[in-house]
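Coordinates from structure-v7.txt are shown below (compact mmCIF, C-alpha atoms (C1' of nucleotides)).
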```txt
# COMPACT_ATOMS: atom_id res chain seq x y z
CA MET A 1 17.30 -43.60 -42.03
CA SER A 2 20.22 -44.98 -40.02
CA PRO A 3 23.61 -45.53 -41.68
CA HIS A 4 23.01 -49.24 -41.41
CA ASP A 5 19.64 -48.99 -43.15
CA VAL A 6 21.25 -46.92 -45.89
CA GLN A 7 23.96 -49.54 -46.44
CA GLU A 8 21.26 -52.18 -46.56
CA ALA A 9 19.08 -50.28 -49.03
CA VAL A 10 22.09 -49.68 -51.26
CA ARG A 11 23.00 -53.35 -51.07
CA GLN A 12 19.55 -54.33 -52.25
CA THR A 13 19.51 -51.90 -55.15
CA TYR A 14 22.97 -53.08 -56.12
CA GLN A 15 22.12 -56.76 -55.93
CA ALA A 16 18.97 -56.23 -57.95
CA TYR A 17 21.00 -54.44 -60.61
CA LEU A 18 23.56 -57.26 -60.75
CA THR A 19 20.88 -59.91 -61.12
CA ARG A 20 19.01 -57.96 -63.75
CA HIS A 21 22.20 -57.62 -65.82
CA GLY A 22 23.72 -61.04 -65.23
CA LEU A 23 26.67 -59.63 -63.31
CA LYS A 24 28.52 -61.10 -60.36
CA SER A 25 29.18 -59.92 -56.87
CA THR A 26 32.87 -59.72 -56.00
CA VAL A 27 34.88 -58.84 -52.92
CA GLN A 28 36.48 -55.88 -54.69
CA ARG A 29 33.12 -54.38 -55.55
CA GLU A 30 31.90 -54.88 -52.00
CA ILE A 31 34.92 -53.05 -50.62
CA ILE A 32 34.65 -50.20 -53.09
CA ILE A 33 30.93 -49.72 -52.54
CA LYS A 34 31.18 -49.82 -48.76
CA ARG A 35 33.89 -47.17 -48.82
CA PHE A 36 32.00 -45.07 -51.33
CA VAL A 37 28.78 -45.09 -49.34
CA LYS A 38 30.63 -44.35 -46.11
CA SER A 39 32.29 -41.23 -47.49
CA ARG A 40 29.23 -39.46 -48.76
CA GLY A 41 31.43 -36.77 -50.30
CA HIS A 42 32.17 -35.95 -53.88
CA LEU A 43 34.95 -38.37 -54.72
CA SER A 44 36.87 -38.79 -57.94
CA ALA A 45 37.90 -42.28 -59.03
CA ASP A 46 41.47 -41.42 -58.18
CA GLU A 47 40.61 -40.19 -54.70
CA LEU A 48 38.69 -43.36 -54.00
CA TYR A 49 41.64 -45.36 -55.30
CA ALA A 50 43.97 -43.50 -52.96
CA ALA A 51 41.60 -43.96 -50.02
CA LEU A 52 41.57 -47.73 -50.53
CA ARG A 53 45.22 -48.19 -51.41
CA GLU A 54 46.44 -48.52 -47.83
CA GLU A 55 44.04 -51.25 -46.76
CA HIS A 56 43.55 -52.86 -50.14
CA PRO A 57 46.60 -52.15 -52.29
CA SER A 58 45.71 -54.83 -54.80
CA ILE A 59 42.55 -53.18 -56.04
CA GLY A 60 43.27 -51.57 -59.40
CA LEU A 61 42.13 -48.20 -60.62
CA ALA A 62 40.32 -49.79 -63.55
CA THR A 63 38.14 -51.75 -61.16
CA ILE A 64 37.24 -48.53 -59.36
CA TYR A 65 36.17 -46.95 -62.63
CA ARG A 66 34.17 -50.02 -63.59
CA THR A 67 32.46 -50.21 -60.22
CA LEU A 68 31.59 -46.53 -60.21
CA LYS A 69 30.08 -46.97 -63.65
CA ILE A 70 27.91 -49.79 -62.34
CA LEU A 71 26.86 -47.68 -59.35
CA THR A 72 25.97 -44.83 -61.66
CA GLU A 73 23.89 -47.05 -63.90
CA ALA A 74 22.21 -48.56 -60.86
CA GLY A 75 21.26 -45.07 -59.68
CA ILE A 76 23.37 -45.30 -56.53
CA ALA A 77 25.94 -42.75 -57.66
CA ARG A 78 25.75 -39.64 -59.77
CA GLU A 79 28.48 -38.24 -61.99
CA GLN A 80 29.41 -34.63 -61.38
CA ARG A 81 31.79 -32.69 -63.55
CA PHE A 82 32.82 -29.44 -61.92
CA ASN A 83 35.37 -27.14 -63.44
CA ASP A 84 38.49 -28.92 -62.24
CA GLY A 85 38.72 -31.24 -65.22
CA PHE A 86 37.73 -34.59 -63.81
CA THR A 87 34.67 -36.52 -62.86
CA ARG A 88 33.49 -36.82 -59.30
CA TYR A 89 30.92 -39.28 -58.09
CA GLU A 90 28.46 -38.37 -55.44
CA PHE A 91 26.44 -40.78 -53.41
CA ASN A 92 22.78 -40.76 -54.35
CA GLY A 93 21.12 -42.21 -51.26
CA PRO A 94 17.78 -44.02 -51.23
CA ASP A 95 15.95 -41.00 -49.83
CA ASP A 96 17.98 -38.22 -51.44
CA ARG A 97 16.19 -35.51 -53.35
CA HIS A 98 17.73 -33.62 -56.21
CA HIS A 99 20.11 -30.92 -55.09
CA ASP A 100 22.59 -28.49 -56.55
CA HIS A 101 26.08 -27.35 -55.58
CA LEU A 102 28.05 -24.49 -54.15
CA VAL A 103 31.72 -24.96 -55.07
CA CYS A 104 34.57 -23.09 -53.41
CA THR A 105 37.07 -22.08 -56.06
CA ALA A 106 39.85 -21.77 -53.46
CA CYS A 107 39.70 -24.97 -51.38
CA GLY A 108 37.44 -27.15 -53.52
CA ARG A 109 34.85 -27.61 -50.78
CA VAL A 110 31.43 -28.57 -52.11
CA GLU A 111 28.16 -27.81 -50.38
CA GLU A 112 24.76 -29.00 -51.45
CA PHE A 113 21.56 -27.05 -51.51
CA GLU A 114 18.03 -27.47 -52.66
CA ASN A 115 15.66 -24.76 -53.80
CA ARG A 116 12.19 -25.64 -55.01
CA GLU A 117 11.55 -22.15 -56.29
CA ILE A 118 14.58 -22.21 -58.60
CA GLU A 119 13.48 -25.59 -59.92
CA ARG A 120 10.02 -24.28 -60.60
CA LEU A 121 11.44 -21.34 -62.55
CA GLN A 122 13.60 -23.74 -64.56
CA GLU A 123 10.49 -25.66 -65.59
CA GLU A 124 8.92 -22.39 -66.61
CA VAL A 125 11.91 -21.46 -68.78
CA ALA A 126 11.92 -24.91 -70.39
CA ASN A 127 8.22 -24.65 -71.18
CA ILE A 128 8.64 -21.29 -72.84
CA HIS A 129 11.33 -22.77 -75.09
CA GLY A 130 9.40 -25.98 -75.72
CA PHE A 131 12.07 -28.19 -74.17
CA ALA A 132 11.21 -31.36 -72.25
CA ILE A 133 13.74 -31.28 -69.41
CA ASN A 134 14.92 -34.47 -67.79
CA ASP A 135 18.00 -33.24 -65.98
CA HIS A 136 19.71 -30.08 -64.95
CA LYS A 137 22.87 -28.81 -63.42
CA LEU A 138 23.28 -25.71 -61.30
CA GLU A 139 26.62 -24.82 -59.81
CA LEU A 140 27.53 -21.66 -57.95
CA TYR A 141 31.25 -20.88 -57.88
CA GLY A 142 32.86 -18.60 -55.36
CA LEU A 143 34.61 -18.42 -52.01
CA CYS A 144 33.37 -20.38 -49.03
CA PRO A 145 33.16 -18.50 -45.69
CA ASP A 146 36.55 -19.80 -44.51
CA CYS A 147 38.43 -18.89 -47.66
CA ALA A 148 36.72 -15.53 -47.97
CA ARG A 149 37.75 -14.69 -44.40
CA SER A 150 41.36 -15.77 -44.80
CA GLY A 151 41.73 -14.01 -48.13
CA ARG A 152 42.56 -17.14 -50.06
CA ASN A 153 41.60 -17.22 -53.71
CA VAL A 154 43.38 -20.08 -55.38
CA GLY A 155 43.28 -23.82 -55.05
CA MET B 156 24.80 -3.06 -82.74
CA SER B 157 25.49 -3.99 -86.37
CA PRO B 158 27.69 -7.00 -87.21
CA HIS B 159 30.32 -4.56 -88.39
CA ASP B 160 30.26 -2.64 -85.13
CA VAL B 161 30.56 -5.90 -83.22
CA GLN B 162 33.60 -6.94 -85.24
CA GLU B 163 35.08 -3.52 -84.59
CA ALA B 164 34.42 -3.61 -80.85
CA VAL B 165 35.94 -7.10 -80.62
CA ARG B 166 38.97 -5.94 -82.56
CA GLN B 167 39.54 -3.12 -80.13
CA THR B 168 39.21 -5.31 -77.05
CA TYR B 169 41.54 -7.82 -78.65
CA GLN B 170 44.15 -5.25 -79.63
CA ALA B 171 44.06 -3.72 -76.17
CA TYR B 172 44.63 -7.16 -74.65
CA LEU B 173 47.59 -7.82 -76.97
CA THR B 174 49.22 -4.52 -76.15
CA ARG B 175 48.67 -4.92 -72.44
CA HIS B 176 50.35 -8.35 -72.51
CA GLY B 177 53.11 -7.67 -75.01
CA LEU B 178 51.64 -10.03 -77.60
CA LYS B 179 51.65 -9.77 -81.35
CA SER B 180 48.94 -9.65 -83.94
CA THR B 181 49.23 -12.38 -86.57
CA VAL B 182 47.32 -13.32 -89.69
CA GLN B 183 46.33 -16.68 -88.23
CA ARG B 184 44.77 -15.06 -85.19
CA GLU B 185 42.91 -12.59 -87.37
CA ILE B 186 41.44 -15.39 -89.44
CA ILE B 187 40.47 -17.48 -86.41
CA ILE B 188 38.87 -14.56 -84.59
CA LYS B 189 36.92 -13.36 -87.60
CA ARG B 190 35.51 -16.84 -88.12
CA PHE B 191 34.77 -17.28 -84.45
CA VAL B 192 32.89 -14.01 -84.15
CA LYS B 193 30.96 -14.70 -87.35
CA SER B 194 29.66 -18.03 -86.12
CA ARG B 195 28.18 -16.96 -82.84
CA GLY B 196 27.42 -20.56 -81.92
CA HIS B 197 28.98 -22.77 -79.31
CA LEU B 198 32.03 -24.11 -81.13
CA SER B 199 34.62 -26.58 -79.95
CA ALA B 200 38.24 -26.07 -80.96
CA ASP B 201 37.96 -29.03 -83.28
CA GLU B 202 34.84 -27.71 -84.98
CA LEU B 203 36.53 -24.38 -85.55
CA TYR B 204 39.56 -26.19 -86.92
CA ALA B 205 37.35 -28.13 -89.33
CA ALA B 206 35.51 -24.99 -90.39
CA LEU B 207 38.79 -23.29 -91.30
CA ARG B 208 40.55 -26.27 -92.83
CA GLU B 209 39.16 -25.81 -96.32
CA GLU B 210 40.13 -22.18 -96.76
CA HIS B 211 43.17 -22.20 -94.50
CA PRO B 212 44.56 -25.73 -94.31
CA SER B 213 47.87 -24.57 -92.91
CA ILE B 214 46.44 -23.32 -89.62
CA GLY B 215 47.19 -25.87 -86.94
CA LEU B 216 44.90 -27.07 -84.19
CA ALA B 217 47.33 -25.88 -81.53
CA THR B 218 47.04 -22.33 -82.83
CA ILE B 219 43.26 -22.56 -82.56
CA TYR B 220 43.55 -23.62 -78.95
CA ARG B 221 46.03 -20.87 -78.20
CA THR B 222 43.90 -18.22 -79.84
CA LEU B 223 40.76 -19.36 -78.05
CA LYS B 224 42.65 -19.13 -74.80
CA ILE B 225 43.62 -15.56 -75.56
CA LEU B 226 40.04 -14.71 -76.47
CA THR B 227 38.84 -16.24 -73.23
CA GLU B 228 41.33 -14.28 -71.18
CA ALA B 229 40.42 -11.12 -73.05
CA GLY B 230 36.76 -11.68 -72.19
CA ILE B 231 35.72 -12.12 -75.82
CA ALA B 232 34.96 -15.84 -75.48
CA ARG B 233 33.64 -17.96 -72.68
CA GLU B 234 34.45 -21.60 -72.02
CA GLN B 235 31.49 -23.91 -71.67
CA ARG B 236 31.77 -27.55 -70.68
CA PHE B 237 28.54 -29.37 -71.30
CA ASN B 238 28.22 -33.08 -70.71
CA ASP B 239 29.65 -34.26 -74.02
CA GLY B 240 33.21 -34.38 -72.82
CA PHE B 241 34.80 -31.44 -74.51
CA THR B 242 35.07 -27.71 -74.21
CA ARG B 243 33.01 -25.35 -76.30
CA TYR B 244 33.67 -21.66 -76.67
CA GLU B 245 30.88 -19.20 -76.96
CA PHE B 246 31.17 -15.70 -78.25
CA ASN B 247 30.78 -13.12 -75.51
CA GLY B 248 29.77 -10.00 -77.43
CA PRO B 249 30.39 -6.43 -76.24
CA ASP B 250 26.78 -5.97 -75.15
CA ASP B 251 26.01 -9.55 -74.07
CA ARG B 252 24.59 -10.13 -70.62
CA HIS B 253 25.09 -13.28 -68.65
CA HIS B 254 22.88 -16.12 -69.79
CA ASP B 255 22.38 -19.83 -69.20
CA HIS B 256 21.76 -22.80 -71.48
CA LEU B 257 19.16 -25.27 -72.60
CA VAL B 258 20.93 -28.28 -74.15
CA CYS B 259 19.19 -30.88 -76.30
CA THR B 260 20.49 -34.31 -75.36
CA ALA B 261 19.43 -35.73 -78.73
CA CYS B 262 20.74 -33.30 -81.36
CA GLY B 263 23.12 -31.18 -79.30
CA ARG B 264 21.32 -27.94 -80.05
CA VAL B 265 22.02 -25.22 -77.50
CA GLU B 266 19.66 -22.37 -76.67
CA GLU B 267 20.40 -19.48 -74.41
CA PHE B 268 18.15 -17.92 -71.84
CA GLU B 269 18.29 -15.31 -69.16
CA ASN B 270 16.24 -15.18 -66.00
CA ARG B 271 16.81 -12.45 -63.47
CA GLU B 272 14.61 -14.12 -60.89
CA ILE B 273 16.68 -17.30 -60.89
CA GLU B 274 19.84 -15.25 -60.52
CA ARG B 275 18.34 -13.39 -57.60
CA LEU B 276 17.46 -16.67 -55.87
CA GLN B 277 21.00 -17.93 -56.45
CA GLU B 278 22.35 -14.89 -54.62
CA GLU B 279 19.96 -15.63 -51.81
CA VAL B 280 21.15 -19.24 -51.52
CA ALA B 281 24.79 -18.14 -51.57
CA ASN B 282 24.13 -15.62 -48.82
CA ILE B 283 22.50 -18.21 -46.61
CA HIS B 284 25.58 -20.44 -46.98
CA GLY B 285 28.01 -17.57 -46.55
CA PHE B 286 29.55 -18.02 -50.01
CA ALA B 287 30.77 -15.09 -52.08
CA ILE B 288 29.73 -16.09 -55.58
CA ASN B 289 31.61 -14.85 -58.60
CA ASP B 290 30.37 -17.24 -61.26
CA HIS B 291 27.70 -19.77 -61.87
CA LYS B 292 26.57 -22.35 -64.35
CA LEU B 293 23.03 -23.43 -65.04
CA GLU B 294 22.28 -25.99 -67.71
CA LEU B 295 18.95 -27.61 -68.46
CA TYR B 296 19.18 -30.92 -70.31
CA GLY B 297 16.33 -32.45 -72.26
CA LEU B 298 14.73 -32.73 -75.66
CA CYS B 299 14.30 -29.72 -77.90
CA PRO B 300 10.87 -29.28 -79.56
CA ASP B 301 12.02 -30.93 -82.82
CA CYS B 302 13.54 -33.98 -81.18
CA ALA B 303 10.65 -34.41 -78.77
CA ARG B 304 8.22 -34.37 -81.70
CA SER B 305 10.18 -36.85 -83.81
CA GLY B 306 10.76 -39.19 -80.89
CA ARG B 307 14.54 -38.98 -81.05
CA ASN B 308 16.45 -39.48 -77.84
CA VAL B 309 20.07 -40.06 -78.67
CA GLY B 310 22.80 -37.97 -80.18
C1' DT C 311 66.63 -3.42 -92.79
C1' DT C 312 68.03 -5.43 -88.60
C1' DC C 313 67.11 -7.87 -84.66
C1' DC C 314 64.95 -10.43 -81.06
C1' DA C 315 61.07 -11.89 -78.79
C1' DA C 316 56.63 -13.83 -79.97
C1' DT C 317 54.38 -17.16 -82.81
C1' DT C 318 53.80 -20.94 -85.76
C1' DG C 319 52.82 -26.03 -87.17
C1' DA C 320 53.93 -30.72 -86.37
C1' DG C 321 54.41 -33.96 -83.45
C1' DA C 322 55.27 -35.51 -78.73
C1' DA C 323 53.51 -35.40 -74.19
C1' DC C 324 49.97 -35.31 -70.96
C1' DA C 325 45.89 -36.85 -68.03
C1' DG C 326 41.55 -38.92 -67.24
C1' DA C 327 39.06 -42.56 -68.78
C1' DA C 328 38.15 -46.83 -71.25
C1' DG C 329 39.62 -51.02 -73.72
C1' DT C 330 42.44 -55.59 -73.95
C1' DC C 331 43.76 -59.99 -72.30
C1' DA C 332 45.51 -63.84 -69.67
C1' DA C 333 44.87 -65.32 -65.04
C1' DA C 334 41.81 -65.51 -61.17
C1' DT C 335 37.19 -65.73 -59.26
C1' DC C 336 32.33 -66.45 -58.83
C1' DA C 337 28.14 -69.24 -58.77
C1' DA C 338 25.19 -72.61 -60.94
C1' DC C 339 25.05 -77.37 -61.56
C1' DC C 340 26.00 -82.10 -60.63
C1' DG D 341 32.45 -80.48 -52.35
C1' DG D 342 34.26 -80.47 -57.18
C1' DT D 343 33.63 -79.10 -62.18
C1' DT D 344 32.72 -75.77 -65.53
C1' DG D 345 32.17 -71.64 -68.08
C1' DA D 346 31.15 -67.00 -68.05
C1' DT D 347 32.44 -62.81 -65.47
C1' DT D 348 35.86 -60.09 -63.31
C1' DT D 349 40.38 -58.68 -62.14
C1' DG D 350 44.83 -56.01 -62.43
C1' DA D 351 48.41 -54.59 -65.36
C1' DC D 352 48.98 -52.71 -69.28
C1' DT D 353 47.89 -50.42 -73.53
C1' DT D 354 44.97 -47.37 -76.06
C1' DC D 355 42.09 -43.48 -76.74
C1' DT D 356 40.78 -38.61 -76.77
C1' DG D 357 40.86 -33.78 -75.82
C1' DT D 358 44.15 -30.56 -74.68
C1' DT D 359 48.73 -28.66 -73.81
C1' DC D 360 53.70 -28.57 -74.42
C1' DT D 361 58.13 -28.59 -77.08
C1' DC D 362 61.06 -26.96 -80.45
C1' DA D 363 63.11 -25.52 -84.67
C1' DA D 364 61.71 -22.42 -88.17
C1' DT D 365 59.14 -18.28 -89.24
C1' DT D 366 57.08 -13.83 -88.49
C1' DG D 367 55.95 -9.25 -86.48
C1' DG D 368 57.13 -4.77 -85.44
C1' DA D 369 60.00 -1.39 -82.86
C1' DA D 370 64.25 0.85 -83.57
```
Translate the structure of the given file into structure tokens.
Amino acid sequence: MSPHDVQEAVRQTYQAYLTRHGLKSTVQREIIIKRFVKSRGHLSADELYAALREEHPSIGLATIYRTLKILTEAGIAREQRFNDGFTRYEFNGPDDRHHDHLVCTACGRVEEFENREIERLQEEVANIHGFAINDHKLELYGLCPDCARSGRNVG
Amino acid sequence: MSPHDVQEAVRQTYQAYLTRHGLKSTVQREIIIKRFVKSRGHLSADELYAALREEHPSIGLATIYRTLKILTEAGIAREQRFNDGFTRYEFNGPDDRHHDHLVCTACGRVEEFENREIERLQEEVANIHGFAINDHKLELYGLCPDCARSGRNVG
DNA sequence: TTCCAATTGAGAACAGAAGTCAAATCAACC
DNA sequence: GGTTGATTTGACTTCTGTTCTCAATTGGAA
């Protein structure tokens, strides 16, 4: 899927969500969403706010929070709480599968991975305990190659 | 290990930590720790505060937080942040191995599990990405048997 | 017992997130 | 295109879990 197709697919999902909930499309939301989709990283509301401040200084932090909430409810974004105290939002593209995270405890870098075998074992564990799983979270914390090499160990 | 032995082992670890860091033993800390070890569950600071309020109304919430921090640093407690917004502390007994959690999204019940095979696969993933892992977090969210049966789905 | 650093409880301070509200904006209708 | 009314905005306040501050108290080595 090309970046343009992705933007288009997101736009459709977003519009459908607005219509379904009687919400309106606004220029602020357009700007925020475009920027969010472009930077596929794991952004916090504050980081997104900072990223937009230069070009669009009038957009308030509250609007960022509200838009990210809409995106989350529309299934376009996913909330991620790592161990640094605040919520990050990751882009959940139209053809993205579930994945988990490797988090560097020194530089904060986040890498994604997917492992079908681990997921299968999780199902197995849930079955044994009689739980009906509908979500899970797996995070591996440690040093990324760069930080391990340079001997860093704090953020 | 009998409950008494556990209390004794914890006491020793705790005392060693105090000595090593030039800290003092106080009655408040004794009370908090005894209660914390007794209830092996996944308590938040506020829940512990509430549990102690009746018998020891003079103990402040700040002291609970401070004591839990000491216990965490001494390796007796472990911080757990599930998705309900606040920190829970779980007892990390002298002979406890690492384990992960099944969390019921309806009633909040937490069950522990251990799976060597999953841990092995995690190591494998980390190796492929060149990360040096020193911690991880695996949480499975869903409905516990009771809540699934009774059709509950909210907390 | 004396003495001083560590600890306490109460309340203030903090930070991320969410709520409030008057002014601005969107979009359906004429 | 203009009118209209509900939605949205940004600035601000509020909320909540957690940490800090500080004067008063306590622990324990000498």
(message) With 7 Å as the threshold, what does the neighbourhood of (39.8, -65.9, -62.4) contain in terms of residues, counting all atoms listed in the file? Coordinates are those of the file; answer as an NGL selection string.
(response) :C and (333-335)
(message) Considering only C-alpha atoms, can you say which of B:Cys299, B:Leu216, B:Val192, B:Ala206 comes closest to Tyr244 of chain B?
(response)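 Smallest separation from Tyr244 of chain B among the options: B:Val192.
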(message) What's around His56 of chain A at 10 Å? Count all atoms listed in the file, leave out sequence neighbours fewer than 6 positions away in its own chain, and write the answer as number ranges by chain.
(response) A: 28, 31-32, 49-50
(request) Please provide the set of residues having any atom within 10 Å of segment 349-355 of chain D, restricted to all atoms listed in the file, with same-chain residues fewer than 2 positions apart removed, written as a PyMOL selection string. (result) (chain A and resi 26+28+58-63) or (chain C and resi 327-331+333-335) or (chain D and resi 347+357)
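In terms of minimum interatomic distance to Leu138 of chain A, A:Glu119 ranks closest within A:Glu79, A:Glu119, A:Glu54, A:Glu90, counting only C-alpha atoms.
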(request) Rounded to one decimal place, report the atom CA of Ile118 of chain A-atom CA of Arg195 of chain B distance in Å. (result)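 Those two atoms sit 28.3 Å apart.
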(message) Near chain B, meaning an atom within 12 Å, which residues of chain A appear when counting all atoms listed in the file? Write them as an NGL selection string.
(response) :A and (79-87 or 100-106 or 109-149 or 151 or 153)
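Contacts from chain D to chain B at a cut-off of 9 Å (only C-alpha atoms (C1' of nucleotides)) map to DG357, DT358, DT359, DT366, DG367 and DG368 of chain D.
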Quick one: superpose chain A onto chain B using all C-alpha atoms paired in order, least squares, and give it to me as a short mmCIF file (atom, residue, chain, number, x, y, z; two decimals) with C-alpha atoms, keeping the file's coordinate frame.
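To be explicit, this is the file written out as part-v6.cif:
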```
data_model
loop_
_atom_site.label_atom_id
_atom_site.label_comp_id
_atom_site.auth_asym_id
_atom_site.auth_seq_id
_atom_site.Cartn_x
_atom_site.Cartn_y
_atom_site.Cartn_z
CA MET A 1 24.81 -3.03 -82.57
CA SER A 2 25.47 -3.95 -86.20
CA PRO A 3 27.66 -6.96 -87.05
CA HIS A 4 30.29 -4.55 -88.26
CA ASP A 5 30.26 -2.62 -84.99
CA VAL A 6 30.56 -5.89 -83.10
CA GLN A 7 33.59 -6.94 -85.15
CA GLU A 8 35.10 -3.53 -84.51
CA ALA A 9 34.46 -3.62 -80.76
CA VAL A 10 35.97 -7.09 -80.56
CA ARG A 11 38.98 -5.93 -82.54
CA GLN A 12 39.59 -3.13 -80.08
CA THR A 13 39.30 -5.32 -77.02
CA TYR A 14 41.61 -7.83 -78.65
CA GLN A 15 44.20 -5.27 -79.65
CA ALA A 16 44.16 -3.74 -76.19
CA TYR A 17 44.74 -7.18 -74.69
CA LEU A 18 47.66 -7.87 -77.04
CA THR A 19 49.32 -4.56 -76.23
CA ARG A 20 48.81 -4.97 -72.51
CA HIS A 21 50.48 -8.41 -72.63
CA GLY A 22 53.21 -7.71 -75.16
CA LEU A 23 51.73 -10.07 -77.73
CA LYS A 24 51.67 -9.77 -81.49
CA SER A 25 48.93 -9.64 -84.04
CA THR A 26 49.17 -12.36 -86.68
CA VAL A 27 47.23 -13.30 -89.78
CA GLN A 28 46.27 -16.66 -88.28
CA ARG A 29 44.76 -15.04 -85.22
CA GLU A 30 42.86 -12.57 -87.37
CA ILE A 31 41.37 -15.38 -89.42
CA ILE A 32 40.44 -17.45 -86.40
CA ILE A 33 38.86 -14.54 -84.56
CA LYS A 34 36.86 -13.35 -87.55
CA ARG A 35 35.46 -16.83 -88.06
CA PHE A 36 34.76 -17.26 -84.37
CA VAL A 37 32.88 -13.99 -84.07
CA LYS A 38 30.92 -14.68 -87.24
CA SER A 39 29.63 -18.03 -86.01
CA ARG A 40 28.21 -16.93 -82.71
CA GLY A 41 27.48 -20.55 -81.82
CA HIS A 42 29.03 -22.81 -79.26
CA LEU A 43 32.09 -24.12 -81.07
CA SER A 44 34.70 -26.58 -79.89
CA ALA A 45 38.32 -26.05 -80.91
CA ASP A 46 38.02 -29.01 -83.23
CA GLU A 47 34.88 -27.70 -84.90
CA LEU A 48 36.52 -24.36 -85.50
CA TYR A 49 39.55 -26.17 -86.90
CA ALA A 50 37.32 -28.12 -89.28
CA ALA A 51 35.46 -24.97 -90.31
CA LEU A 52 38.71 -23.26 -91.28
CA ARG A 53 40.45 -26.24 -92.83
CA GLU A 54 38.99 -25.77 -96.30
CA GLU A 55 39.97 -22.14 -96.75
CA HIS A 56 43.03 -22.15 -94.53
CA PRO A 57 44.41 -25.68 -94.38
CA SER A 58 47.73 -24.54 -92.98
CA ILE A 59 46.36 -23.29 -89.69
CA GLY A 60 47.16 -25.85 -87.00
CA LEU A 61 44.91 -27.04 -84.23
CA ALA A 62 47.38 -25.86 -81.61
CA THR A 63 47.06 -22.31 -82.89
CA ILE A 64 43.28 -22.55 -82.56
CA TYR A 65 43.62 -23.64 -78.95
CA ARG A 66 46.10 -20.88 -78.23
CA THR A 67 43.94 -18.23 -79.86
CA LEU A 68 40.82 -19.36 -78.05
CA LYS A 69 42.74 -19.16 -74.80
CA ILE A 70 43.71 -15.58 -75.58
CA LEU A 71 40.10 -14.73 -76.46
CA THR A 72 38.94 -16.25 -73.21
CA GLU A 73 41.45 -14.30 -71.18
CA ALA A 74 40.53 -11.14 -73.06
CA GLY A 75 36.88 -11.70 -72.14
CA ILE A 76 35.79 -12.14 -75.76
CA ALA A 77 35.03 -15.84 -75.42
CA ARG A 78 33.72 -17.98 -72.62
CA GLU A 79 34.52 -21.62 -71.98
CA GLN A 80 31.55 -23.93 -71.65
CA ARG A 81 31.81 -27.55 -70.66
CA PHE A 82 28.58 -29.40 -71.27
CA ASN A 83 28.23 -33.10 -70.73
CA ASP A 84 29.71 -34.27 -74.01
CA GLY A 85 33.28 -34.36 -72.76
CA PHE A 86 34.89 -31.41 -74.47
CA THR A 87 35.15 -27.69 -74.17
CA ARG A 88 33.09 -25.35 -76.27
CA TYR A 89 33.73 -21.66 -76.63
CA GLU A 90 30.93 -19.22 -76.90
CA PHE A 91 31.20 -15.71 -78.16
CA ASN A 92 30.83 -13.15 -75.41
CA GLY A 93 29.84 -10.02 -77.31
CA PRO A 94 30.44 -6.46 -76.12
CA ASP A 95 26.83 -6.01 -75.05
CA ASP A 96 26.03 -9.57 -73.98
CA ARG A 97 24.53 -10.16 -70.57
CA HIS A 98 25.02 -13.33 -68.62
CA HIS A 99 22.83 -16.16 -69.80
CA ASP A 100 22.33 -19.85 -69.22
CA HIS A 101 21.73 -22.84 -71.48
CA LEU A 102 19.14 -25.31 -72.61
CA VAL A 103 20.91 -28.32 -74.15
CA CYS A 104 19.18 -30.91 -76.30
CA THR A 105 20.48 -34.34 -75.36
CA ALA A 106 19.44 -35.78 -78.74
CA CYS A 107 20.76 -33.34 -81.36
CA GLY A 108 23.15 -31.22 -79.29
CA ARG A 109 21.34 -27.97 -80.06
CA VAL A 110 22.02 -25.25 -77.50
CA GLU A 111 19.66 -22.42 -76.69
CA GLU A 112 20.38 -19.51 -74.42
CA PHE A 113 18.11 -17.96 -71.88
CA GLU A 114 18.24 -15.36 -69.21
CA ASN A 115 16.17 -15.22 -66.05
CA ARG A 116 16.71 -12.46 -63.53
CA GLU A 117 14.52 -14.13 -60.95
CA ILE A 118 16.60 -17.32 -60.94
CA GLU A 119 19.75 -15.25 -60.57
CA ARG A 120 18.26 -13.39 -57.65
CA LEU A 121 17.38 -16.66 -55.92
CA GLN A 122 20.93 -17.90 -56.50
CA GLU A 123 22.28 -14.85 -54.69
CA GLU A 124 19.89 -15.58 -51.87
CA VAL A 125 21.10 -19.18 -51.58
CA ALA A 126 24.73 -18.05 -51.64
CA ASN A 127 24.08 -15.53 -48.88
CA ILE A 128 22.46 -18.11 -46.66
CA HIS A 129 25.55 -20.31 -47.02
CA GLY A 130 27.98 -17.41 -46.64
CA PHE A 131 29.49 -17.89 -50.09
CA ALA A 132 30.71 -14.96 -52.19
CA ILE A 133 29.65 -16.00 -55.69
CA ASN A 134 31.54 -14.78 -58.71
CA ASP A 135 30.29 -17.19 -61.34
CA HIS A 136 27.63 -19.75 -61.92
CA LYS A 137 26.53 -22.34 -64.37
CA LEU A 138 22.98 -23.45 -65.05
CA GLU A 139 22.24 -26.02 -67.71
CA LEU A 140 18.92 -27.64 -68.46
CA TYR A 141 19.16 -30.96 -70.31
CA GLY A 142 16.32 -32.47 -72.27
CA LEU A 143 14.72 -32.76 -75.68
CA CYS A 144 14.29 -29.75 -77.92
CA PRO A 145 10.87 -29.33 -79.61
CA ASP A 146 12.05 -30.96 -82.86
CA CYS A 147 13.56 -34.02 -81.23
CA ALA A 148 10.66 -34.44 -78.83
CA ARG A 149 8.24 -34.40 -81.76
CA SER A 150 10.19 -36.88 -83.87
CA GLY A 151 10.76 -39.22 -80.96
CA ARG A 152 14.52 -39.01 -81.11
CA ASN A 153 16.41 -39.50 -77.88
CA VAL A 154 20.04 -40.09 -78.66
CA GLY A 155 22.79 -38.05 -80.21
#
```
(request) Just give me the residues with any atom within 9 Å of (54.5, -20.1, -86.3), file coordinates, counting only C-alpha atoms (C1' of nucleotides), written as number ranges by chain. (result) B: 218; C: 317-319; D: 364-366
